[in-house]
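Below: the structure, in structure tokens.
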Amino acid sequence: MATTYVLDTSAFIYWMLPGGEMETVPAVYAEVKDERSRIRLELMEGLRVVEPDASYAGRVSEAARGTGDDKRISKADGDLLALALQEKEAGKDVALLTDDYAVQNLARALGIRATALRQKKSRASVVWEKQCTGCGRTFPDGETCPVCGSPLRMKKRPVTRGK
Ligand SMILES: [Zn+2]
């Protein structure tokens, strides 16, 4: 069975996208306000933005009180856990991608597989930028080259782990 990945904000910021079936919640989508990250969101094929059912959110809050994580869990985190729980109980093979320790902890308590992102960062990280089709300069954003006026095209650039 193909794995469904539930993605938290850091997955978009680090561009750590597993491919395949990917889901996130509206609260995370709203959290990713950074322009480049939003471009990534829009480019992602197969990303579904799903609001989890309230009953799952209730079970997550209950579990958070049980583990003492309730103060450390944001609305977005809670929704991600609720979505992962919902998909798991729908019979899917789910992995929650998050770097947040409280979320990982709570995922374990709920029987959800949680995978951290940062360890793999050096291997697969890329950034998106726009490259001018005329002069070849690159820019973080825009449709038209401010230097020569040619159209810009999306381009992937691997990130090498720096100093
Ligand atoms: Zn140009």
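Quick note on naming: the chains in the structure tokens go A, B, ... in the order shown, residues restart at 1 in each chain, and ligands are numbered from 1 in order of appearance.
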
Nearby residues (only C-alpha atoms) at most 9 Å from range 77-90 of chain A, same-chain spacing under 2 positions excluded, as a PyMOL selection string: chain A and resi 4-8+23-28+50-61+64+73-75+92-96+100+103+106-107+110-113

Ligand 1 neighbours within 9 Å using only C-alpha atoms and all ligand atoms, as number ranges by chain: A: 131-138, 144-152

Save out the residues we just selected, C-alpha atoms, as a short mmCIF file (atom, residue, chain, number, x, y, z; two decimals), in the first residue's frame.
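Done, and the output landed in again-v8.cif:
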data_model
loop_
_atom_site.label_atom_id
_atom_site.label_comp_id
_atom_site.auth_asym_id
_atom_site.auth_seq_id
_atom_site.Cartn_x
_atom_site.Cartn_y
_atom_site.Cartn_z
CA GLN A 131 15.34 31.92 -13.81
CA CYS A 132 15.14 34.41 -16.63
CA THR A 133 14.75 32.77 -20.04
CA GLY A 134 16.62 35.71 -21.57
CA CYS A 135 19.65 36.65 -19.46
CA GLY A 136 19.74 33.66 -17.14
CA ARG A 137 19.71 35.63 -13.89
CA THR A 138 17.80 34.08 -11.01
CA THR A 144 9.11 38.95 -15.74
CA CYS A 145 12.83 39.65 -15.51
CA PRO A 146 13.38 43.12 -13.98
CA VAL A 147 16.70 43.36 -15.87
CA CYS A 148 15.87 42.38 -19.45
CA GLY A 149 12.11 41.92 -19.44
CA SER A 150 12.07 38.26 -20.55
CA PRO A 151 9.70 35.76 -18.90
CA LEU A 152 10.92 33.90 -15.79
#

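Relative to CA of Pro140 in chain A, CA of Ala11 in chain A is found at 18.8 Å.
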
Distance in Å - CA of Trp128 in chain A versus CA of Lys155 in chain A: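 Between CA of Trp128 in chain A and CA of Lys155 in chain A the gap is 5.6 Å.
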
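Residues of range 85-153 of chain A assigned to alpha helix (DSSP H) by DSSP on this structure's backbone: Leu85, Gln86, Glu87, Lys88, Glu89, Tyr101, Ala102, Val103, Gln104, Asn105, Leu106, Ala107, Arg108, Ala109, Lys121, Ser122, Arg123 and Ala124 of chain A.
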
Residue list (strand (DSSP E), DSSP) for range 23-100 of chain A, as a list in words: Glu23, Thr24, Leu47, Arg48, Val49, Asp93, Val94, Ala95, Leu96 and Leu97 of chain A
